[in-house]
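Dropping data_14.txt in here (compact mmCIF, C-alpha atoms (C1' of nucleotides)):
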```txt
# COMPACT_ATOMS: atom_id res chain seq x y z
CA MET A 178 -52.23 -63.23 72.55
CA ALA A 179 -50.23 -60.30 71.26
CA ARG A 180 -50.55 -57.10 69.33
CA PRO A 181 -51.91 -57.79 65.86
CA ARG A 182 -50.10 -56.59 62.77
CA GLU A 183 -51.59 -53.41 61.36
CA PHE A 184 -51.08 -54.39 57.74
CA GLU A 185 -51.35 -57.48 55.62
CA ILE A 186 -48.20 -59.14 54.39
CA GLU A 187 -49.65 -59.78 50.97
CA VAL A 188 -50.85 -56.22 50.48
CA ALA A 189 -47.49 -54.87 51.59
CA THR A 190 -45.68 -57.27 49.26
CA GLN A 191 -47.93 -56.12 46.45
CA LYS A 192 -47.04 -52.50 47.18
CA ALA A 193 -43.36 -53.41 47.35
CA MET A 194 -43.73 -55.02 43.94
CA ASN A 195 -44.91 -51.72 42.51
CA VAL A 196 -41.88 -49.92 43.94
CA PHE A 197 -39.43 -52.52 42.62
CA TRP A 198 -41.24 -52.54 39.31
CA GLU A 199 -40.79 -48.82 38.87
CA TYR A 200 -37.29 -48.35 40.27
CA GLY A 201 -35.67 -51.75 39.82
CA TYR A 202 -33.97 -53.72 42.57
CA GLY A 203 -30.95 -51.51 43.13
CA GLY A 204 -32.85 -48.31 42.52
CA ALA A 205 -35.49 -49.04 45.14
CA SER A 206 -34.07 -47.67 48.38
CA LEU A 207 -35.31 -48.91 51.71
CA PRO A 208 -36.97 -45.56 52.56
CA ALA A 209 -38.71 -45.64 49.17
CA LEU A 210 -39.93 -49.16 49.85
CA LEU A 211 -41.15 -48.24 53.32
CA THR A 212 -43.04 -45.24 51.99
CA GLY A 213 -44.53 -47.26 49.19
CA MET A 214 -45.51 -50.06 51.53
CA GLY A 215 -46.87 -47.65 54.10
CA ILE A 216 -45.03 -49.21 57.03
CA ALA A 217 -42.09 -48.28 59.26
CA ARG A 218 -38.64 -49.76 59.46
CA GLY A 219 -39.30 -51.81 62.57
CA SER A 220 -42.39 -53.43 61.13
CA PHE A 221 -40.55 -54.12 57.92
CA TYR A 222 -37.75 -56.13 59.49
CA LYS A 223 -40.22 -57.89 61.77
CA ALA A 224 -42.42 -59.03 58.91
CA PHE A 225 -39.77 -59.53 56.23
CA GLU A 226 -36.15 -60.49 56.50
CA GLY A 227 -34.56 -57.72 54.53
CA LYS A 228 -34.47 -56.19 51.09
CA LYS A 229 -33.33 -59.18 49.10
CA PRO A 230 -35.65 -61.77 50.70
CA LEU A 231 -38.48 -59.33 50.07
CA PHE A 232 -37.42 -59.05 46.45
CA MET A 233 -37.45 -62.82 46.12
CA SER A 234 -41.04 -62.82 47.43
CA VAL A 235 -41.86 -60.03 45.01
CA LEU A 236 -40.44 -62.05 42.13
CA ASN A 237 -42.66 -64.90 43.21
CA LEU A 238 -45.68 -62.61 43.36
CA TYR A 239 -44.84 -61.12 39.97
CA ASP A 240 -44.66 -64.63 38.63
CA LYS A 241 -48.22 -65.20 39.82
CA GLU A 242 -49.65 -61.85 38.81
CA ALA A 243 -47.91 -61.11 35.53
CA ILE A 244 -46.06 -64.13 34.17
CA ALA A 245 -48.74 -66.72 34.84
CA PRO A 246 -51.52 -64.72 33.14
CA ALA A 247 -49.29 -64.26 30.10
CA VAL A 248 -48.59 -67.98 30.00
CA THR A 249 -52.30 -68.66 30.42
CA LEU A 250 -53.02 -66.38 27.49
CA LEU A 251 -50.46 -68.23 25.40
CA SER A 252 -51.84 -71.62 26.44
CA GLY A 253 -55.47 -71.01 25.62
CA PRO A 254 -58.28 -70.74 24.83
CA ASP A 255 -58.41 -73.32 22.09
CA SER A 256 -60.86 -71.14 20.22
CA LEU A 257 -57.98 -68.79 19.47
CA ASP A 258 -55.25 -69.96 17.11
CA GLY A 259 -51.85 -70.31 18.79
CA TRP A 260 -50.15 -67.71 16.67
CA ASP A 261 -52.98 -65.28 17.26
CA ARG A 262 -52.35 -65.68 20.99
CA ILE A 263 -48.71 -64.77 20.45
CA LYS A 264 -49.68 -61.75 18.38
CA LEU A 265 -52.13 -60.74 21.08
CA LEU A 266 -49.49 -60.96 23.78
CA PHE A 267 -47.04 -58.76 21.89
CA ASN A 268 -49.78 -56.28 21.08
CA LEU A 269 -50.63 -56.11 24.76
CA VAL A 270 -46.99 -55.27 25.46
CA SER A 271 -46.85 -52.37 23.02
CA GLY A 272 -50.36 -51.41 24.09
CA ALA A 273 -49.24 -51.07 27.70
CA ALA A 274 -46.45 -48.74 26.59
CA ALA A 275 -48.93 -46.79 24.50
CA LYS A 276 -51.04 -46.27 27.61
CA GLY A 277 -48.03 -44.75 29.32
CA ASP A 278 -46.81 -47.81 31.20
CA ARG A 279 -43.06 -47.56 30.81
CA ARG A 280 -42.11 -49.81 33.68
CA GLY A 281 -41.42 -52.70 31.35
CA CYS A 282 -41.25 -56.13 32.95
CA LEU A 283 -39.95 -56.62 36.48
CA VAL A 284 -38.27 -59.90 35.56
CA CYS A 285 -36.65 -58.48 32.43
CA THR A 286 -35.28 -55.50 34.34
CA ALA A 287 -33.94 -57.87 36.98
CA ALA A 288 -32.33 -59.92 34.21
CA ALA A 289 -30.38 -56.87 33.08
CA GLY A 290 -29.55 -55.81 36.61
CA PRO A 291 -28.93 -57.91 39.72
CA ALA A 292 -29.17 -61.25 37.89
CA ALA A 293 -25.68 -60.54 36.58
CA TYR A 294 -24.12 -60.84 40.04
CA ASP A 295 -26.73 -62.55 42.23
CA ALA A 296 -27.23 -66.27 41.64
CA ASP A 297 -30.55 -66.47 43.50
CA ILE A 298 -32.09 -63.70 41.43
CA ALA A 299 -30.60 -65.15 38.25
CA ARG A 300 -32.25 -68.48 39.04
CA ALA A 301 -35.66 -66.92 39.69
CA VAL A 302 -35.38 -64.85 36.52
CA ALA A 303 -34.43 -67.90 34.47
CA GLN A 304 -37.38 -69.85 35.85
CA ALA A 305 -39.85 -67.08 35.07
CA LEU A 306 -38.53 -66.65 31.55
CA ASP A 307 -38.61 -70.39 31.02
CA LYS A 308 -42.32 -70.32 31.79
CA MET A 309 -42.74 -67.69 29.11
CA ARG A 310 -40.75 -69.87 26.74
CA LYS A 311 -42.95 -72.85 27.45
CA GLY A 312 -45.98 -70.65 26.88
CA PHE A 313 -44.68 -69.67 23.46
CA GLU A 314 -43.97 -73.32 22.72
CA THR A 315 -47.51 -74.31 23.68
CA ALA A 316 -48.92 -71.56 21.50
CA LEU A 317 -46.79 -72.61 18.54
CA GLY A 318 -48.06 -76.15 19.00
CA ALA A 319 -51.59 -74.78 18.81
CA SER A 320 -50.88 -72.73 15.70
CA ALA A 321 -52.23 -74.06 12.44
CA ALA A 322 -49.25 -72.55 10.65
CA HIS A 323 -46.56 -73.81 13.02
CA SER A 324 -47.70 -77.03 14.66
CA SER A 325 -46.06 -79.01 11.88
CA MET A 326 -42.64 -77.55 12.57
CA ASN A 327 -40.20 -80.10 13.87
CA GLU A 328 -39.74 -80.07 17.62
CA LYS A 329 -36.26 -78.64 17.51
CA ASN A 330 -37.23 -75.68 15.39
CA GLN A 331 -40.30 -75.05 17.48
CA ARG A 332 -38.23 -74.94 20.61
CA ALA A 333 -35.72 -72.59 18.98
CA PHE A 334 -38.52 -70.36 17.74
CA ALA A 335 -39.97 -70.20 21.26
CA ASP A 336 -36.58 -69.18 22.62
CA MET A 337 -36.36 -66.48 19.98
CA LEU A 338 -39.78 -65.14 20.88
CA THR A 339 -38.75 -65.05 24.54
CA ALA A 340 -35.71 -62.97 23.67
CA GLN A 341 -37.96 -60.75 21.57
CA TYR A 342 -40.25 -60.28 24.54
CA VAL A 343 -37.35 -59.31 26.79
CA GLY A 344 -35.97 -56.89 24.22
CA LEU A 345 -39.31 -55.19 23.76
CA ARG A 346 -39.86 -54.74 27.47
CA ILE A 347 -36.37 -53.36 27.98
CA LEU A 348 -36.87 -50.93 25.11
CA ALA A 349 -40.18 -49.84 26.61
CA ARG A 350 -38.37 -49.09 29.86
CA SER A 351 -35.61 -47.20 28.07
CA GLN A 352 -38.06 -44.57 26.84
CA ALA A 353 -37.67 -45.76 23.26
CA PRO A 354 -40.09 -44.07 20.85
CA LEU A 355 -43.50 -45.70 20.97
CA ALA A 356 -43.43 -46.07 17.19
CA THR A 357 -40.34 -48.25 17.46
CA LEU A 358 -42.11 -50.64 19.81
CA GLU A 359 -45.21 -50.71 17.64
CA ARG A 360 -43.21 -51.39 14.48
CA SER A 361 -41.41 -54.26 16.19
CA VAL A 362 -44.74 -55.76 17.16
CA SER A 363 -46.16 -55.21 13.69
CA ALA A 364 -43.20 -57.15 12.33
CA ILE A 365 -44.11 -60.00 14.68
CA ASP A 366 -47.64 -59.77 13.33
CA ASN A 367 -46.29 -60.09 9.80
CA LEU A 368 -44.17 -63.06 10.69
CA SER A 369 -47.42 -65.00 11.02
CA ASP A 370 -47.75 -64.93 7.26
CA MET A 371 -44.19 -65.95 6.71
CA VAL A 372 -42.76 -68.25 9.33
CA THR A 373 -44.25 -71.66 8.99
CA MET E 21 4.63 -24.76 31.61
CA ALA E 22 3.15 -27.00 34.25
CA ARG E 23 3.14 -30.53 35.53
CA PRO E 24 2.06 -32.96 32.78
CA ARG E 25 -0.72 -35.47 33.29
CA GLU E 26 0.60 -38.92 34.15
CA PHE E 27 -2.05 -40.79 32.17
CA GLU E 28 -3.86 -40.46 28.88
CA ILE E 29 -7.50 -39.43 28.90
CA GLU E 30 -8.39 -41.88 26.17
CA VAL E 31 -6.73 -44.83 27.84
CA ALA E 32 -8.40 -44.00 31.14
CA THR E 33 -11.78 -43.66 29.42
CA GLN E 34 -11.21 -47.02 27.80
CA LYS E 35 -10.51 -48.59 31.18
CA ALA E 36 -13.58 -46.87 32.63
CA MET E 37 -15.61 -48.39 29.81
CA ASN E 38 -14.54 -51.86 30.90
CA VAL E 39 -15.65 -51.17 34.47
CA PHE E 40 -19.03 -49.77 33.40
CA TRP E 41 -19.44 -52.64 30.96
CA GLU E 42 -18.99 -55.20 33.67
CA TYR E 43 -20.84 -53.56 36.55
CA GLY E 44 -23.31 -51.25 34.82
CA TYR E 45 -23.68 -47.54 35.52
CA GLY E 46 -25.14 -47.74 39.01
CA GLY E 47 -23.09 -50.75 39.98
CA ALA E 48 -19.78 -49.13 39.12
CA SER E 49 -18.71 -47.31 42.28
CA LEU E 50 -16.25 -44.47 42.17
CA PRO E 51 -13.55 -46.46 44.01
CA ALA E 52 -14.07 -49.31 41.53
CA LEU E 53 -13.72 -46.88 38.64
CA LEU E 54 -10.60 -45.31 40.13
CA THR E 55 -8.99 -48.70 40.65
CA GLY E 56 -9.93 -49.80 37.14
CA MET E 57 -8.65 -46.59 35.63
CA GLY E 58 -5.49 -46.67 37.71
CA ILE E 59 -5.77 -43.07 38.88
CA ALA E 60 -6.59 -41.29 42.13
CA ARG E 61 -9.62 -39.25 43.09
CA GLY E 62 -7.99 -35.87 42.60
CA SER E 63 -6.79 -36.68 39.12
CA PHE E 64 -10.19 -38.07 38.25
CA TYR E 65 -12.13 -34.92 39.04
CA LYS E 66 -9.45 -32.77 37.38
CA ALA E 67 -9.54 -34.71 34.14
CA PHE E 68 -13.24 -35.60 34.07
CA GLU E 69 -16.19 -33.80 35.52
CA GLY E 70 -17.77 -36.58 37.52
CA LYS E 71 -19.30 -39.99 37.17
CA LYS E 72 -22.12 -39.19 34.80
CA PRO E 73 -20.14 -37.00 32.36
CA LEU E 74 -17.57 -39.79 32.27
CA PHE E 75 -20.31 -42.29 31.49
CA MET E 76 -21.53 -40.11 28.63
CA SER E 77 -17.99 -40.14 27.22
CA VAL E 78 -17.88 -43.89 27.72
CA LEU E 79 -21.16 -44.29 25.82
CA ASN E 80 -19.61 -42.28 23.02
CA LEU E 81 -16.51 -44.47 23.05
CA TYR E 82 -18.62 -47.64 23.12
CA ASP E 83 -20.49 -46.30 20.13
CA LYS E 84 -17.18 -46.03 18.27
CA GLU E 85 -15.67 -49.31 19.44
CA ALA E 86 -18.66 -51.67 19.53
CA ILE E 87 -21.70 -50.20 17.81
CA ALA E 88 -19.95 -48.79 14.76
CA PRO E 89 -18.14 -52.05 13.91
CA ALA E 90 -21.44 -53.92 14.18
CA VAL E 91 -23.09 -51.41 11.85
CA THR E 92 -20.13 -51.70 9.50
CA LEU E 93 -20.54 -55.46 9.48
CA LEU E 94 -24.23 -55.06 8.67
CA SER E 95 -23.52 -52.52 5.94
CA GLY E 96 -20.96 -54.50 4.03
CA PRO E 97 -19.10 -56.02 2.34
CA ASP E 98 -21.23 -56.36 -0.76
CA SER E 99 -19.74 -59.78 -1.37
CA LEU E 100 -21.78 -61.02 1.58
CA ASP E 101 -25.53 -61.19 1.24
CA GLY E 102 -27.39 -58.85 3.60
CA TRP E 103 -29.17 -61.57 5.48
CA ASP E 104 -25.93 -63.48 5.91
CA ARG E 105 -24.49 -60.38 7.57
CA ILE E 106 -27.39 -60.35 9.99
CA LYS E 107 -26.94 -64.03 10.73
CA LEU E 108 -23.23 -63.44 11.26
CA LEU E 109 -23.89 -60.64 13.72
CA PHE E 110 -26.23 -62.71 15.83
CA ASN E 111 -23.86 -65.64 15.75
CA LEU E 112 -21.10 -63.35 16.97
CA VAL E 113 -23.34 -62.39 19.89
CA SER E 114 -23.99 -65.96 20.99
CA GLY E 115 -20.38 -66.78 20.19
CA ALA E 116 -19.18 -64.11 22.61
CA ALA E 117 -21.34 -65.62 25.34
CA ALA E 118 -20.00 -69.07 24.47
CA LYS E 119 -16.47 -67.75 25.00
CA GLY E 120 -17.50 -66.67 28.49
CA ASP E 121 -18.23 -63.02 27.78
CA ARG E 122 -21.32 -62.44 29.87
CA ARG E 123 -21.10 -58.66 30.01
CA GLY E 124 -23.73 -58.27 27.33
CA CYS E 125 -23.93 -54.89 25.65
CA LEU E 126 -23.15 -51.70 27.53
CA VAL E 127 -25.89 -49.78 25.73
CA CYS E 128 -28.50 -52.48 26.29
CA THR E 129 -27.70 -52.65 30.00
CA ALA E 130 -27.96 -48.88 30.19
CA ALA E 131 -31.32 -49.10 28.42
CA ALA E 132 -32.63 -51.35 31.17
CA GLY E 133 -31.05 -49.26 33.90
CA PRO E 134 -30.40 -45.52 34.08
CA ALA E 135 -32.13 -44.74 30.79
CA ALA E 136 -35.41 -45.18 32.64
CA TYR E 137 -34.83 -42.08 34.77
CA ASP E 138 -32.03 -40.13 33.05
CA ALA E 139 -32.99 -38.31 29.88
CA ASP E 140 -29.39 -37.75 28.71
CA ILE E 141 -28.56 -41.43 28.95
CA ALA E 142 -31.90 -42.37 27.36
CA ARG E 143 -31.09 -40.12 24.41
CA ALA E 144 -27.62 -41.60 23.93
CA VAL E 145 -29.00 -45.12 24.19
CA ALA E 146 -31.74 -44.36 21.67
CA GLN E 147 -29.19 -42.93 19.24
CA ALA E 148 -26.92 -45.94 19.51
CA LEU E 149 -29.77 -48.39 19.04
CA ASP E 150 -31.04 -46.39 16.09
CA LYS E 151 -27.67 -46.89 14.44
CA MET E 152 -28.12 -50.61 14.92
CA ARG E 153 -31.59 -50.37 13.46
CA LYS E 154 -30.28 -48.54 10.39
CA GLY E 155 -27.61 -51.22 10.06
CA PHE E 156 -30.24 -53.92 10.00
CA GLU E 157 -32.23 -51.92 7.46
CA THR E 158 -29.19 -51.58 5.22
CA ALA E 159 -28.52 -55.29 5.48
CA LEU E 160 -32.13 -56.14 4.63
CA GLY E 161 -31.86 -53.88 1.59
CA ALA E 162 -28.81 -55.89 0.54
CA SER E 163 -30.53 -59.23 1.08
CA ALA E 164 -31.65 -61.08 -2.02
CA ALA E 165 -34.55 -62.50 -0.05
CA HIS E 166 -35.71 -59.26 1.54
CA SER E 167 -34.80 -56.34 -0.70
CA SER E 168 -38.16 -56.61 -2.41
CA MET E 169 -40.07 -56.09 0.84
CA ASN E 170 -41.97 -52.84 0.92
CA GLU E 171 -40.26 -50.05 2.78
CA LYS E 172 -42.65 -50.11 5.70
CA ASN E 173 -42.25 -53.79 6.37
CA GLN E 174 -38.50 -53.54 6.01
CA ARG E 175 -38.38 -50.80 8.59
CA ALA E 176 -40.58 -52.79 10.96
CA PHE E 177 -38.45 -55.88 10.47
CA ALA E 178 -35.33 -53.86 11.28
CA ASP E 179 -36.96 -52.61 14.48
CA MET E 180 -37.83 -56.17 15.40
CA LEU E 181 -34.27 -57.34 14.85
CA THR E 182 -33.04 -54.50 17.05
CA ALA E 183 -35.34 -55.62 19.85
CA GLN E 184 -34.10 -59.16 19.29
CA TYR E 185 -30.52 -57.96 19.63
CA VAL E 186 -31.31 -56.17 22.89
CA GLY E 187 -33.14 -59.18 24.28
CA LEU E 188 -30.29 -61.53 23.45
CA ARG E 189 -27.68 -59.32 25.06
CA ILE E 190 -29.77 -58.88 28.18
CA LEU E 191 -30.28 -62.63 28.42
CA ALA E 192 -26.55 -63.17 28.02
CA ARG E 193 -25.96 -60.82 30.94
CA SER E 194 -28.60 -62.56 33.05
CA GLN E 195 -26.62 -65.81 33.05
CA ALA E 196 -29.24 -67.48 30.89
CA PRO E 197 -28.21 -70.97 29.72
CA LEU E 198 -25.92 -70.78 26.72
CA ALA E 199 -28.16 -73.23 24.89
CA THR E 200 -31.05 -70.78 25.14
CA LEU E 201 -29.02 -68.05 23.47
CA GLU E 202 -27.81 -70.42 20.79
CA ARG E 203 -31.31 -71.68 20.04
CA SER E 204 -32.56 -68.12 19.71
CA VAL E 205 -29.83 -67.40 17.22
CA SER E 206 -30.48 -70.62 15.33
CA ALA E 207 -34.11 -69.53 15.00
CA ILE E 208 -32.88 -66.27 13.48
CA ASP E 209 -30.78 -68.35 11.10
CA ASN E 210 -33.89 -70.31 10.12
CA LEU E 211 -35.89 -67.16 9.56
CA SER E 212 -33.71 -66.57 6.53
CA ASP E 213 -35.52 -69.40 4.78
CA MET E 214 -38.90 -68.17 5.79
CA VAL E 215 -39.21 -64.41 6.06
CA THR E 216 -39.19 -62.88 2.65
C1' DA I 55 -57.11 -56.06 85.69
C1' DC I 56 -53.09 -58.21 84.75
C1' DA I 57 -49.34 -60.85 82.48
C1' DG I 58 -47.41 -62.15 78.38
C1' DT I 59 -46.37 -61.32 73.67
C1' DT I 60 -45.84 -58.99 69.60
C1' DA I 61 -45.99 -54.77 66.48
C1' DG I 62 -44.49 -50.04 65.83
C1' DG I 63 -41.33 -46.42 65.38
C1' DA I 64 -37.44 -43.66 66.31
C1' DA I 65 -32.65 -43.46 67.33
C1' DC I 66 -28.62 -45.27 66.05
C1' DC I 67 -25.01 -48.18 63.59
C1' DG I 68 -20.87 -48.73 60.52
C1' DA I 69 -20.12 -48.75 55.71
C1' DT I 70 -20.34 -46.62 51.45
C1' DT I 71 -22.01 -43.16 48.21
C1' DG I 72 -20.34 -39.25 44.88
C1' DG I 73 -17.92 -35.08 45.45
C1' DT I 74 -14.65 -31.26 47.42
C1' DA I 75 -10.53 -28.93 49.54
C1' DC I 76 -5.98 -28.39 49.91
C1' DA I 77 -1.15 -29.20 50.51
C1' DA I 78 2.71 -31.57 48.45
C1' DA I 79 4.93 -33.02 44.27
C1' DT I 80 6.35 -32.18 39.63
C1' DC I 81 6.95 -30.14 35.62
C1' DA I 82 8.22 -25.84 31.94
C1' DC I 83 10.18 -21.66 31.42
C1' DA I 84 12.86 -17.74 32.65
C1' DT C 172 17.63 -21.68 40.51
C1' DG C 173 13.67 -19.74 41.25
C1' DT C 174 8.75 -19.08 39.88
C1' DG C 175 4.37 -19.94 38.15
C1' DA C 176 1.19 -23.52 36.68
C1' DT C 177 -0.84 -27.87 37.01
C1' DT C 178 -1.35 -32.66 38.60
C1' DT C 179 -1.53 -35.71 42.30
C1' DG C 180 -3.06 -37.94 46.42
C1' DT C 181 -4.95 -37.68 50.88
C1' DA C 182 -8.08 -36.09 54.10
C1' DC C 183 -12.43 -34.77 54.52
C1' DC C 184 -17.44 -33.84 53.57
C1' DA C 185 -22.56 -34.46 54.00
C1' DA C 186 -25.81 -37.73 52.44
C1' DT C 187 -27.41 -42.14 51.99
C1' DC C 188 -27.09 -47.12 52.05
C1' DG C 189 -29.20 -51.50 54.37
C1' DG C 190 -29.67 -53.12 58.92
C1' DT C 191 -30.03 -53.34 64.28
C1' DT C 192 -31.47 -51.97 68.91
C1' DC C 193 -34.65 -50.99 72.11
C1' DC C 194 -38.34 -48.80 74.29
C1' DT C 195 -43.20 -48.04 74.02
C1' DA C 196 -47.83 -49.04 72.38
C1' DA C 197 -51.32 -52.29 71.62
C1' DC C 198 -53.45 -56.35 71.77
C1' DT C 199 -55.04 -61.35 73.76
C1' DG C 200 -55.87 -65.00 77.05
C1' DT C 201 -56.45 -65.65 81.88
```
Step by step, read the file and then write its structure as structure tokens.
Amino acid sequence: MARPREFEIEVATQKAMNVFWEYGYGGASLPALLTGMGIARGSFYKAFEGKKPLFMSVLNLYDKEAIAPAVTLLSGPDSLDGWDRIKLLFNLVSGAAAKGDRRGCLVCTAAAGPAAYDADIARAVAQALDKMRKGFETALGASAAHSSMNEKNQRAFADMLTAQYVGLRILARSQAPLATLERSVSAIDNLSDMVT
Amino acid sequence: MARPREFEIEVATQKAMNVFWEYGYGGASLPALLTGMGIARGSFYKAFEGKKPLFMSVLNLYDKEAIAPAVTLLSGPDSLDGWDRIKLLFNLVSGAAAKGDRRGCLVCTAAAGPAAYDADIARAVAQALDKMRKGFETALGASAAHSSMNEKNQRAFADMLTAQYVGLRILARSQAPLATLERSVSAIDNLSDMVT
DNA sequence: ACAGTTAGGAACCGATTGGTACAAATCACA
DNA sequence: TGTGATTTGTACCAATCGGTTCCTAACTGT
């Protein structure tokens, strides 16, 4: 009953995610977003409500496409020991940097940026990171070496690993030497023999 | 033989540091900087060369006023065990957040922001963080529980602690719940009993 | 074929960005 | 008391920011 949209919202949001991921929220200008999304200004404001609402959608999408898989990895499979899952996750992080991916983590970059002055973004960031934290907690519970820790210490350890994850991803984005990232991860690997 | 400057470069740089610290590099607008520094545009461009050169000076000042003291804490005194110094540092970090200081660390915020696309800033950030890393390494060498670690593992552990520091300071800036920061630090405290 | 409805895209908006130009004010020295 | 040197502050600059307006193009149901 009217002219159909020439693009798909989800595809455009996905492309917007890539732009935000590379440039950050503040660094992604509207023209850059439009180019990356392959649409014009008019279509943009028709389909979305503006830059920030789009970013909130992007955060939601990133949660589905990046956070959730990480949490899934940490939560299973049962055939893999919990601590091995954690080691695997951190090795994937340094591995991504080794392959040249220096974008870091969209949520972590947002944490260091707009979350400081925007309550909505801060809330979304906190929720995403809390999922990571729960993932670490689940993995620790499924670790032969750590499942006997008392609940309080397990929770604290999960928080620490979350902070470690954030730090690593920020360092990756800051162009830190690859060796630095890999040594940090190797130290995590070694912790497996020590922290029980 | 000419009109004297009505302000002191160092004091103005100090004030600029506070503005950058609170708003970040990109978030600190020139008017905001001028207001914070208490000078006018003309004086600014006479005394400094622009926003980015000023920021480089600010990074240098931050290195002196915040990084160096932290490294000093990690490097001594000998009366305090190395690991206790590390614990103290992390407790100071969560303690600052508890007192309402949510600015995080200027260098860490820069790592997540302009360091991604500005090589000069990335270099300065990497240098500052490497000082922290060396501080951690020194402290580990002065720790009864860790001084016997082999050099490679000690280095990796120091890198890991640096990433932990960055993560914590970013989380503090992101308005993360204080309890999260404090649990992370308590986990570091507990590591002392475990990682040897 | 036509009416109704929506998407597309360019022109435009005021506000703000970092940076420059220049005249007036203020000093030191003769 | 000039005179030369330098700072100061204002006016101004082009460029860019995110966002709005509005006309045209394109499609669907009748």
Per residue of chain I within 7 Å of chain E, note the shortest atom pair and the distance in Å to one decimal, counting only C-alpha atoms (C1' of nucleotides), and order the rows by chain and increasing residue number, as a Markdown table.
```
| residue | atom | partner | partner_atom | distance |
| --- | --- | --- | --- | --- |
| I:DT80 | C1' | E:Arg23 | CA | 5.5 |
| I:DC81 | C1' | E:Arg23 | CA | 3.8 |
| I:DA82 | C1' | E:Met21 | CA | 3.8 |
| I:DC83 | C1' | E:Met21 | CA | 6.4 |
```
What are the closest atom pairs, with distances in Å to one decimal, for each residue of chain A lying within 6 Å of chain E, using all atoms listed in the file, rows by chain and rising residue number, as a tab-separated table?
```
residue	atom	partner	partner_atom	distance
A:Thr286	CA	E:Ala132	CA	5.9
A:Ala288	CA	E:Ser194	CA	4.7
A:Ala289	CA	E:Ile190	CA	5.3
A:Ala292	CA	E:Ser194	CA	5.0
A:Ala293	CA	E:Ser194	CA	5.0
A:Ala333	CA	E:Arg203	CA	4.6
A:Phe334	CA	E:Ala207	CA	5.3
A:Asp336	CA	E:Ser204	CA	5.1
A:Met337	CA	E:Ser204	CA	4.1
A:Ala340	CA	E:Gly187	CA	4.6
A:Gln341	CA	E:Gln184	CA	4.8
A:Val343	CA	E:Gly187	CA	4.9
A:Gly344	CA	E:Gly187	CA	3.6
A:Leu345	CA	E:Ala183	CA	5.6
A:Ile347	CA	E:Ala132	CA	5.3
A:Arg350	CA	E:Ala136	CA	5.6
A:Ser351	CA	E:Ala131	CA	4.7
A:Arg360	CA	E:Ala176	CA	4.6
A:Ser361	CA	E:Met180	CA	4.1
A:Ala364	CA	E:Phe177	CA	5.3
A:Met371	CA	E:Val215	CA	5.3
A:Val372	CA	E:Met214	CA	5.2
```
Exercise for review: Can you pull out every residue within 12 Å of Ala32 (chain E), counting all atoms listed in the file, but drop anything in the same chain fewer than 3 positions away, and send it as a list in words?
Suggested key: Arg25, Glu26, Phe27, Glu28, Ile29, Lys35, Ala36, Met37, Asn38, Val39, Leu53, Leu54, Thr55, Gly56, Met57, Gly58, Ile59, Ala60, Ser63, Phe64, Ala67, Phe68, Leu74, Ser77, Val78 and Leu81 of chain E
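Relative to CA of Lys151 (chain E), CA of Ile106 (chain E) is found at 14.2 Å.
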Check your understanding: Skipping near chain neighbours, those fewer than 2 positions away, what residues fall within 6 Å of region 313-322 of chain A using only C-alpha atoms (C1' of nucleotides), listed as a PyMOL selection string?
Key -> chain A and resi 251-252+258-260+310-311+324+335+373
Counting all atoms listed in the file, which residues of chain C fall within 8 Å of chain E, and what is the closest atom pair for each with its distance in Å at one decimal, ordered by chain and rising number, as CSV?
```
residue,atom,partner,partner_atom,distance
C:DA176,C1',E:Ala22,CA,4.7
C:DT177,C1',E:Ala22,CA,4.9
C:DT178,C1',E:Arg23,CA,5.8
C:DT179,C1',E:Ser63,CA,6.2
C:DG180,C1',E:Ala60,CA,6.5
```
Review point. Can you list, as a list in words, every protein, DNA or RNA residue that comes within 8 Å of DT71 (chain I) when you count only C-alpha atoms (C1' of nucleotides), leaving out same-chain residues fewer than 6 positions away?
Key: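 My reading of the contact set: Ser49 of chain E; DA186, DT187 and DC188 of chain C.
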Review point. CA of His323 (chain A) and CA of Arg262 (chain A) are how many Å apart?
Key: 12.8 Å
Check your understanding: So how far away is CA of Met326 (chain A) from CA of Val248 (chain A), in Å?
Key -> 20.8 Å
Exercise for review: Take the point (-18.1, -29.8, 52.3) in the file's coordinates, draw a sphere of radius 10 Å around it, and report as a list in words every protein, DNA or RNA residue with an atom inside or on it, counting all atoms listed in the file.
Suggested key: DG73, DT74 and DA75 of chain I; DC183, DC184 and DA185 of chain C
Written file, previous selection with C-alpha atoms (C1' of nucleotides), as a PDB file, in the coordinates of the input:
```
ATOM      1  C1'  DG I  73     -17.920 -35.080  45.450  1.00  0.00           C
ATOM      2  C1'  DT I  74     -14.650 -31.260  47.420  1.00  0.00           C
ATOM      3  C1'  DA I  75     -10.530 -28.930  49.540  1.00  0.00           C
TER       4       DA I  75
ATOM      5  C1'  DC C 183     -12.430 -34.770  54.520  1.00  0.00           C
ATOM      6  C1'  DC C 184     -17.440 -33.840  53.570  1.00  0.00           C
ATOM      7  C1'  DA C 185     -22.560 -34.460  54.000  1.00  0.00           C
TER       8       DA C 185
END
```
Check your understanding: Could you name the residues that touch Leu79 (chain E) at 8 Å or less, counting all atoms listed in the file, but leaving out those on the same chain fewer than 4 positions away, as a VMD selection string?
Key -> chain E and resid 37 75 83 126 to 127 144
Residues from the last selection, C-alpha atoms, saved as a tab-separated table (two decimals), in the coordinates of the input:
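Saved to selection.tsv:
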```tsv
chain	number	residue	atom	x	y	z
E	37	MET	CA	-15.61	-48.39	29.81
E	75	PHE	CA	-20.31	-42.29	31.49
E	83	ASP	CA	-20.49	-46.30	20.13
E	126	LEU	CA	-23.15	-51.70	27.53
E	127	VAL	CA	-25.89	-49.78	25.73
E	144	ALA	CA	-27.62	-41.60	23.93
```
